[in-house]
$ cat entry-v1.cif   # mmCIF, C-alpha atoms
data_entry
loop_
_atom_site.label_atom_id
_atom_site.label_comp_id
_atom_site.auth_asym_id
_atom_site.auth_seq_id
_atom_site.Cartn_x
_atom_site.Cartn_y
_atom_site.Cartn_z
CA MET S 1 26.40 29.91 36.94
CA THR S 2 27.95 26.55 37.86
CA ALA S 3 30.73 28.34 39.78
CA ILE S 4 28.31 29.84 42.32
CA ASP S 5 28.69 28.27 45.76
CA LEU S 6 26.03 28.95 48.40
CA SER S 7 27.21 26.27 50.81
CA GLY S 8 26.45 27.24 54.39
CA LYS S 9 23.71 29.65 53.35
CA THR S 10 20.07 29.19 54.33
CA ALA S 11 17.40 30.24 51.84
CA LEU S 12 13.70 30.62 52.63
CA ILE S 13 11.31 30.50 49.68
CA THR S 14 7.59 31.07 50.17
CA GLY S 15 5.37 29.16 47.78
CA GLY S 16 8.30 26.87 47.18
CA THR S 17 6.59 23.63 46.17
CA GLY S 18 5.61 24.59 42.63
CA GLY S 19 6.31 26.85 39.67
CA ILE S 20 8.96 29.55 40.01
CA GLY S 21 9.27 28.93 43.76
CA LEU S 22 10.16 25.26 43.40
CA ALA S 23 12.53 25.87 40.49
CA THR S 24 14.28 28.55 42.55
CA ALA S 25 14.56 26.32 45.60
CA LEU S 26 16.10 23.58 43.46
CA GLU S 27 18.56 26.00 41.84
CA LEU S 28 19.67 27.46 45.17
CA GLY S 29 19.89 23.98 46.65
CA ALA S 30 21.97 22.72 43.75
CA ALA S 31 24.37 25.60 44.49
CA GLY S 32 24.72 24.26 48.03
CA ALA S 33 22.17 26.30 49.98
CA ASN S 34 20.05 24.75 52.69
CA THR S 35 16.50 25.54 51.64
CA VAL S 36 13.31 26.10 53.60
CA ILE S 37 10.19 26.03 51.45
CA THR S 38 6.69 26.90 52.57
CA TYR S 39 3.37 26.11 50.99
CA ARG S 40 -0.33 26.62 51.58
CA TRP S 41 -2.11 25.21 48.55
CA GLY S 42 -1.26 22.68 45.89
CA SER S 43 1.70 21.14 47.62
CA THR S 44 3.62 18.39 45.84
CA GLU S 45 3.78 15.05 47.63
CA GLU S 46 6.74 15.42 49.95
CA GLU S 47 8.38 12.15 48.83
CA ASP S 48 8.35 13.34 45.21
CA LEU S 49 9.60 16.75 46.29
CA LEU S 50 12.56 15.32 48.19
CA LYS S 51 13.51 13.19 45.19
CA LEU S 52 13.74 16.31 43.02
CA PHE S 53 16.29 17.77 45.43
CA ALA S 54 18.20 14.52 45.70
CA ASP S 55 18.39 14.26 41.91
CA ARG S 56 19.99 17.73 41.78
CA GLY S 57 22.48 16.83 44.51
CA ALA S 58 20.89 19.48 46.74
CA PRO S 59 20.57 19.28 50.54
CA LYS S 60 17.26 17.95 51.81
CA PRO S 61 14.85 20.88 52.14
CA LEU S 62 12.80 21.77 55.19
CA VAL S 63 9.19 21.73 53.98
CA LEU S 64 6.68 23.67 56.08
CA GLU S 65 2.98 24.37 55.70
CA ALA S 66 2.41 28.05 56.42
CA ASP S 67 -0.12 30.65 55.36
CA VAL S 68 1.90 33.78 54.48
CA SER S 69 -1.04 36.02 55.37
CA ARG S 70 -0.96 34.84 59.00
CA GLU S 71 1.77 36.39 61.14
CA GLU S 72 1.48 33.53 63.65
CA ASP S 73 2.28 31.03 60.88
CA THR S 74 5.34 33.08 59.95
CA GLY S 75 6.45 32.94 63.58
CA LEU S 76 6.14 29.17 63.56
CA VAL S 77 8.31 29.02 60.44
CA MET S 78 11.00 31.00 62.26
CA GLU S 79 10.88 28.63 65.23
CA ALA S 80 11.21 25.61 62.94
CA VAL S 81 14.21 27.12 61.16
CA LYS S 82 15.98 27.78 64.49
CA ASP S 83 16.41 24.02 64.95
CA SER S 84 18.78 23.79 62.01
CA ALA S 85 20.13 27.28 61.24
CA ASP S 86 21.34 30.40 63.00
CA GLY S 87 19.75 32.72 60.50
CA ILE S 88 18.22 33.15 57.06
CA ASP S 89 20.62 34.50 54.47
CA ILE S 90 18.29 34.60 51.47
CA PHE S 91 14.57 35.30 51.46
CA ILE S 92 12.47 34.90 48.30
CA SER S 93 9.00 36.46 48.57
CA ASN S 94 7.28 34.40 45.90
CA VAL S 95 3.66 33.84 46.91
CA GLY S 96 1.05 35.52 44.74
CA PHE S 97 -2.67 35.00 45.18
CA ALA S 98 -5.62 36.98 43.89
CA LEU S 99 -9.16 36.59 42.67
CA LYS S 100 -9.86 37.29 39.02
CA ALA S 101 -11.63 40.56 38.27
CA GLU S 102 -13.40 40.22 34.94
CA THR S 103 -15.43 43.44 35.32
CA LEU S 104 -15.55 46.48 37.57
CA ASP S 105 -18.42 44.81 39.44
CA ASP S 106 -15.88 42.26 40.70
CA TYR S 107 -14.04 44.93 42.67
CA ARG S 108 -14.34 44.34 46.40
CA ARG S 109 -12.37 46.14 49.10
CA LYS S 110 -11.95 42.92 51.09
CA SER S 111 -10.63 41.12 48.02
CA LEU S 112 -8.06 43.85 47.44
CA TYR S 113 -6.90 43.79 51.05
CA LYS S 114 -6.71 40.00 51.03
CA THR S 115 -4.58 40.13 47.89
CA PHE S 116 -2.16 42.49 49.64
CA ASP S 117 -2.09 40.14 52.65
CA TYR S 118 -0.87 37.29 50.45
CA SER S 119 1.11 38.95 47.68
CA SER S 120 2.66 42.12 49.12
CA TRP S 121 2.80 42.33 52.92
CA PRO S 122 4.72 39.03 53.43
CA MET S 123 7.87 40.73 52.14
CA ILE S 124 7.71 43.11 55.10
CA ASP S 125 6.41 40.66 57.70
CA TYR S 126 8.95 37.93 56.94
CA VAL S 127 11.88 40.34 56.92
CA LYS S 128 10.83 41.79 60.27
CA GLN S 129 10.29 38.38 61.83
CA ILE S 130 13.61 37.08 60.48
CA HIS S 131 15.36 39.94 62.26
CA ALA S 132 13.35 39.47 65.45
CA SER S 133 14.15 35.74 65.51
CA PHE S 134 17.82 35.74 64.53
CA GLY S 135 19.06 39.24 65.31
CA ARG S 136 20.07 39.92 61.73
CA TYR S 137 18.49 40.57 58.35
CA PRO S 138 18.96 38.37 55.26
CA GLU S 139 21.80 39.26 52.94
CA HIS S 140 19.38 39.14 50.01
CA VAL S 141 15.63 39.73 49.81
CA ILE S 142 14.07 39.12 46.40
CA GLY S 143 10.46 39.68 45.39
CA ILE S 144 8.87 37.91 42.44
CA SER S 145 6.77 40.21 40.27
CA SER S 146 5.46 40.60 36.71
CA ASN S 147 4.96 43.51 34.33
CA GLY S 148 1.29 43.67 35.31
CA PRO S 149 1.62 47.06 37.08
CA ASP S 150 2.49 48.71 33.74
CA HIS S 151 -0.13 47.05 31.50
CA TYR S 152 -3.76 46.06 31.41
CA TYR S 153 -4.30 42.31 31.37
CA ARG S 154 -7.83 41.04 31.58
CA GLY S 155 -8.69 39.62 34.99
CA TYR S 156 -5.30 40.67 36.37
CA ASP S 157 -6.45 43.74 38.30
CA TYR S 158 -5.80 42.55 41.84
CA VAL S 159 -2.51 40.90 40.92
CA ALA S 160 -1.29 44.09 39.25
CA ALA S 161 -2.20 46.14 42.33
CA SER S 162 -0.39 43.75 44.67
CA LYS S 163 2.73 43.65 42.49
CA ALA S 164 2.82 47.45 42.34
CA LEU S 165 2.79 47.53 46.15
CA LEU S 166 5.46 44.81 46.29
CA GLU S 167 7.69 46.94 44.08
CA PHE S 168 7.06 50.00 46.27
CA PHE S 169 8.13 47.98 49.33
CA THR S 170 11.24 46.85 47.46
CA ARG S 171 12.49 50.39 46.85
CA TYR S 172 11.78 51.66 50.34
CA LEU S 173 12.87 48.53 52.21
CA ALA S 174 16.20 48.71 50.38
CA VAL S 175 16.78 52.20 51.79
CA HIS S 176 15.79 51.22 55.33
CA LEU S 177 18.07 48.16 55.31
CA SER S 178 21.04 49.38 53.27
CA GLU S 179 23.18 49.97 56.37
CA GLU S 180 22.32 46.47 57.60
CA GLY S 181 24.05 44.84 54.63
CA CYS S 182 20.73 43.64 53.21
CA ARG S 183 20.09 44.00 49.49
CA VAL S 184 16.46 44.10 48.36
CA ASN S 185 15.47 43.66 44.71
CA THR S 186 12.43 42.48 42.79
CA VAL S 187 12.37 40.70 39.45
CA ARG S 188 9.61 41.28 36.92
CA PHE S 189 9.38 38.10 34.89
CA GLY S 190 7.73 38.18 31.49
CA THR S 191 5.57 35.34 30.22
CA VAL S 192 6.14 32.22 32.32
CA ARG S 193 3.92 29.19 31.79
CA THR S 194 3.01 28.16 35.31
CA PRO S 195 -0.22 26.71 36.76
CA SER S 196 -1.17 30.16 38.08
CA PHE S 197 -0.65 31.72 34.63
CA GLU S 198 -2.91 29.11 33.06
CA ALA S 199 -5.53 29.58 35.78
CA ILE S 200 -5.79 33.29 34.97
CA PHE S 201 -5.43 33.27 31.19
CA GLY S 202 -6.39 29.74 30.13
CA ASP S 203 -5.42 28.37 26.72
CA GLY S 204 -6.51 31.51 24.86
CA TYR S 205 -3.07 33.06 25.02
CA PHE S 206 -1.33 30.04 23.53
CA GLN S 207 -3.93 29.67 20.76
CA TRP S 208 -3.49 33.35 19.89
CA LEU S 209 0.27 33.00 19.95
CA LYS S 210 0.18 30.22 17.38
CA GLU S 211 -2.71 31.24 15.13
CA VAL S 212 -2.34 35.03 15.07
CA LYS S 213 1.32 35.67 15.82
CA GLY S 214 2.64 32.53 14.16
CA LEU S 215 4.93 31.85 17.11
CA ASP S 216 5.65 28.77 19.15
CA GLU S 217 6.37 28.69 22.87
CA SER S 218 10.13 29.01 22.49
CA GLY S 219 9.97 32.63 23.65
CA ILE S 220 8.17 31.81 26.88
CA LEU S 221 10.21 31.71 30.07
CA THR S 222 10.30 28.49 32.04
CA PRO S 223 10.42 28.42 35.83
CA GLU S 224 13.98 27.13 35.43
CA ASP S 225 14.93 30.25 33.46
CA CYS S 226 13.54 32.37 36.28
CA SER S 227 15.45 30.44 38.92
CA LYS S 228 18.77 31.25 37.27
CA VAL S 229 18.01 34.97 37.47
CA VAL S 230 17.30 34.63 41.19
CA LEU S 231 20.47 32.60 41.72
CA ALA S 232 22.56 35.29 40.02
CA LEU S 233 21.09 37.95 42.32
CA CYS S 234 21.95 35.83 45.38
CA SER S 235 25.44 34.94 44.18
CA GLY S 236 27.28 38.00 45.43
CA LEU S 237 28.29 38.83 41.85
CA MET S 238 25.55 41.45 41.48
CA ASN S 239 25.70 43.14 44.88
CA ALA S 240 25.82 46.57 43.27
CA LEU S 241 22.10 46.15 42.65
CA ASN S 242 19.87 47.32 45.49
CA GLY S 243 16.30 48.62 45.47
CA GLN S 244 15.96 47.69 41.81
CA ILE S 245 13.02 46.41 39.79
CA ILE S 246 14.67 44.13 37.24
CA GLU S 247 13.00 43.05 34.00
CA ALA S 248 13.65 39.49 32.82
CA ASP S 249 11.94 38.06 29.77
CA LEU S 250 12.58 36.66 26.31
CA GLY S 251 10.88 39.50 24.46
CA LEU S 252 7.71 37.56 23.65
CA PRO S 253 4.57 39.70 23.27
CA PHE S 254 2.26 39.08 26.19
CA ARG S 255 -1.07 40.66 25.36
CA ASP S 256 -2.29 43.25 22.94
CA ASN S 257 -5.54 44.30 21.28
CA SER S 258 -5.27 41.63 18.61
CA MET S 259 -5.27 38.96 21.30
CA MET S 260 -8.31 40.47 23.01
CA ASP S 261 -10.18 40.55 19.69
CA TYR S 262 -9.14 36.96 19.00
CA ILE S 263 -10.48 35.69 22.34
CA ARG S 264 -13.75 37.62 21.96
CA THR S 265 -14.25 36.13 18.51
CA LYS S 266 -13.60 32.61 19.79
CA LYS S 267 -16.10 33.07 22.61
CA SER S 268 -18.80 34.39 20.30
#

$ encode --input "entry-v1.cif" --output "structure tokens"
Amino acid sequence: MTAIDLSGKTALITGGTGGIGLATALELGAAGANTVITYRWGSTEEEDLLKLFADRGAPKPLVLEADVSREEDTGLVMEAVKDSADGIDIFISNVGFALKAETLDDYRRKSLYKTFDYSSWPMIDYVKQIHASFGRYPEHVIGISSNGPDHYYRGYDYVAASKALLEFFTRYLAVHLSEEGCRVNTVRFGTVRTPSFEAIFGDGYFQWLKEVKGLDESGILTPEDCSKVVLALCSGLMNALNGQIIEADLGLPFRDNSMMDYIRTKKS
């Protein structure tokens, strides 16, 4: 991985000030890429953020506040990038936002649509606006997903729906853009301990992992692990992959019936 050189490339990472997004921005920056990172909520103090990049020997990032669900904000991001770059070579669609759905009564059409606005549609909107602004598509478009579309995880309903749509866009966008030299892939990461993971699942998962499964957290992905997968996909070494949904995890069990029973017992 240390041999990868992205010097001269510009990478745009949505939700790039925390979790997987930040780790990815740092990894791409350390490989020489000029990074543009957007945020909407929970931004790190910019001075602390810049120090993280400096410590990795990465170019200073362009940090922009932008709501990915607003096309006008996306347009402003493009205008800001034009001041320092002639295009965007790598686009990482990382933002995921959704309300928890504990029961069927929590299902709301507006909530579902809003989830798509934040977690799925930005892959399409950003790619289109990148082309409209610079006259070319990125070389690599990568979506960040999970294995939620294939499993039931309590409270994860809206997230799972949005990730399923993101993966649909990945396959079809890859076909539409194959002749443009743009490769589109999405990575399904397994268990990654991030603030958003903890917000959805709380400490119950980690208690279950230790007390029922007898496991520590060594099998849980870190954001840094995830960033290395993204870097490999952007390196040019894996350009045979296009329109793929790629699984990346450490084989740790995520949720099963024993965990659900454990949490119910704790609550009662």

$ residues_near_point --input "entry-v1.cif" --point "(7.5, 41.4, 40.8)" --cutoff "7 Å" --atoms "only C-alpha atoms" --output "number ranges by chain"
S: 143-146, 163, 166-167, 186-188

$ closest_residue --input "entry-v1.cif" --among "S:Asn147, S:Ala240, S:Val192, S:Ala98" --to "Ser178 in chain S" --atoms "all atoms listed in the file"
S:Ala240

$ atom_distance --input "entry-v1.cif" --atom1 "CA of Gln129 in chain S" --atom2 "CA of Leu28 in chain S"
22.0 Å

$ atom_distance --input "entry-v1.cif" --atom1 "CA of Leu173 in chain S" --atom2 "CA of Ala11 in chain S"
18.8 Å

$ closest_residue --input "entry-v1.cif" --among "S:Ile88, S:Leu237, S:Ile220, S:Ile13" --to "Glu27 in chain S" --atoms "all atoms listed in the file"
S:Ile13

$ resolve_selection --input "entry-v1.cif" --expression "the PyMOL selection byres ((chain S and resi 63) around 8)" --output "VMD selection string"
chain S and resid 36 to 39 46 61 to 62 64 to 65

$ resolve_selection --input "entry-v1.cif" --expression "the PyMOL selection byres ((chain S and resi 95-97) around 7)" --output "PDB file with C-alpha atoms, keeping the file's coordinate frame"
ATOM      1  CA  THR S  14       7.590  31.070  50.170  1.00  0.00           C
ATOM      2  CA  GLY S  15       5.370  29.160  47.780  1.00  0.00           C
ATOM      3  CA  SER S  93       9.000  36.460  48.570  1.00  0.00           C
ATOM      4  CA  ASN S  94       7.280  34.400  45.900  1.00  0.00           C
ATOM      5  CA  ALA S  98      -5.620  36.980  43.890  1.00  0.00           C
ATOM      6  CA  THR S 115      -4.580  40.130  47.890  1.00  0.00           C
ATOM      7  CA  TYR S 118      -0.870  37.290  50.450  1.00  0.00           C
ATOM      8  CA  SER S 119       1.110  38.950  47.680  1.00  0.00           C
TER       9      SER S 119
END

$ resolve_selection --input "entry-v1.cif" --expression "the PyMOL selection byres ((chain S and resi 140) around 10)" --output "PDB file with C-alpha atoms, keeping the file's coordinate frame"
ATOM      1  CA  ALA S  11      17.400  30.240  51.840  1.00  0.00           C
ATOM      2  CA  ILE S  88      18.220  33.150  57.060  1.00  0.00           C
ATOM      3  CA  ASP S  89      20.620  34.500  54.470  1.00  0.00           C
ATOM      4  CA  ILE S  90      18.290  34.600  51.470  1.00  0.00           C
ATOM      5  CA  PHE S  91      14.570  35.300  51.460  1.00  0.00           C
ATOM      6  CA  ILE S  92      12.470  34.900  48.300  1.00  0.00           C
ATOM      7  CA  TYR S 137      18.490  40.570  58.350  1.00  0.00           C
ATOM      8  CA  PRO S 138      18.960  38.370  55.260  1.00  0.00           C
ATOM      9  CA  GLU S 139      21.800  39.260  52.940  1.00  0.00           C
ATOM     10  CA  VAL S 141      15.630  39.730  49.810  1.00  0.00           C
ATOM     11  CA  ILE S 142      14.070  39.120  46.400  1.00  0.00           C
ATOM     12  CA  GLY S 181      24.050  44.840  54.630  1.00  0.00           C
ATOM     13  CA  CYS S 182      20.730  43.640  53.210  1.00  0.00           C
ATOM     14  CA  ARG S 183      20.090  44.000  49.490  1.00  0.00           C
ATOM     15  CA  VAL S 184      16.460  44.100  48.360  1.00  0.00           C
ATOM     16  CA  ASN S 185      15.470  43.660  44.710  1.00  0.00           C
ATOM     17  CA  LEU S 233      21.090  37.950  42.320  1.00  0.00           C
ATOM     18  CA  CYS S 234      21.950  35.830  45.380  1.00  0.00           C
ATOM     19  CA  SER S 235      25.440  34.940  44.180  1.00  0.00           C
ATOM     20  CA  GLY S 236      27.280  38.000  45.430  1.00  0.00           C
ATOM     21  CA  ASN S 239      25.700  43.140  44.880  1.00  0.00           C
ATOM     22  CA  ASN S 242      19.870  47.320  45.490  1.00  0.00           C
TER      23      ASN S 242
END

$ residues_near_point --input "entry-v1.cif" --point "(7.9, 41.6, 52.7)" --cutoff "8 Å" --atoms "only C-alpha atoms" --output "short mmCIF file (atom, residue, chain, number, x, y, z; two decimals) with C-alpha atoms, in the frame of the given file"
data_model
loop_
_atom_site.label_atom_id
_atom_site.label_comp_id
_atom_site.auth_asym_id
_atom_site.auth_seq_id
_atom_site.Cartn_x
_atom_site.Cartn_y
_atom_site.Cartn_z
CA SER S 93 9.00 36.46 48.57
CA SER S 120 2.66 42.12 49.12
CA TRP S 121 2.80 42.33 52.92
CA PRO S 122 4.72 39.03 53.43
CA MET S 123 7.87 40.73 52.14
CA ILE S 124 7.71 43.11 55.10
CA ASP S 125 6.41 40.66 57.70
CA TYR S 126 8.95 37.93 56.94
CA VAL S 127 11.88 40.34 56.92
CA GLY S 143 10.46 39.68 45.39
CA LEU S 166 5.46 44.81 46.29
CA PHE S 169 8.13 47.98 49.33
#

$ closest_residue --input "entry-v1.cif" --among "S:Gly87, S:Glu45, S:Gly19, S:Ser7" --to "Ala58 in chain S" --atoms "all atoms listed in the file"
S:Ser7

$ atom_distance --input "entry-v1.cif" --atom1 "CA of Glu47 in chain S" --atom2 "CA of Leu22 in chain S"
14.3 Å

$ closest_residue --input "entry-v1.cif" --among "S:Gly75, S:Gly21, S:Gly243, S:Pro59" --to "Lys128 in chain S" --atoms "all atoms listed in the file"
S:Gly75

$ closest_residue --input "entry-v1.cif" --among "S:Leu6, S:Leu241, S:Ala85, S:Leu99" --to "Ser133 in chain S" --atoms "all atoms listed in the file"
S:Ala85

$ closest_residue --input "entry-v1.cif" --among "S:Ser196, S:Thr35, S:Ser227, S:Ser69" --to "Val159 in chain S" --atoms "all atoms listed in the file"
S:Ser196
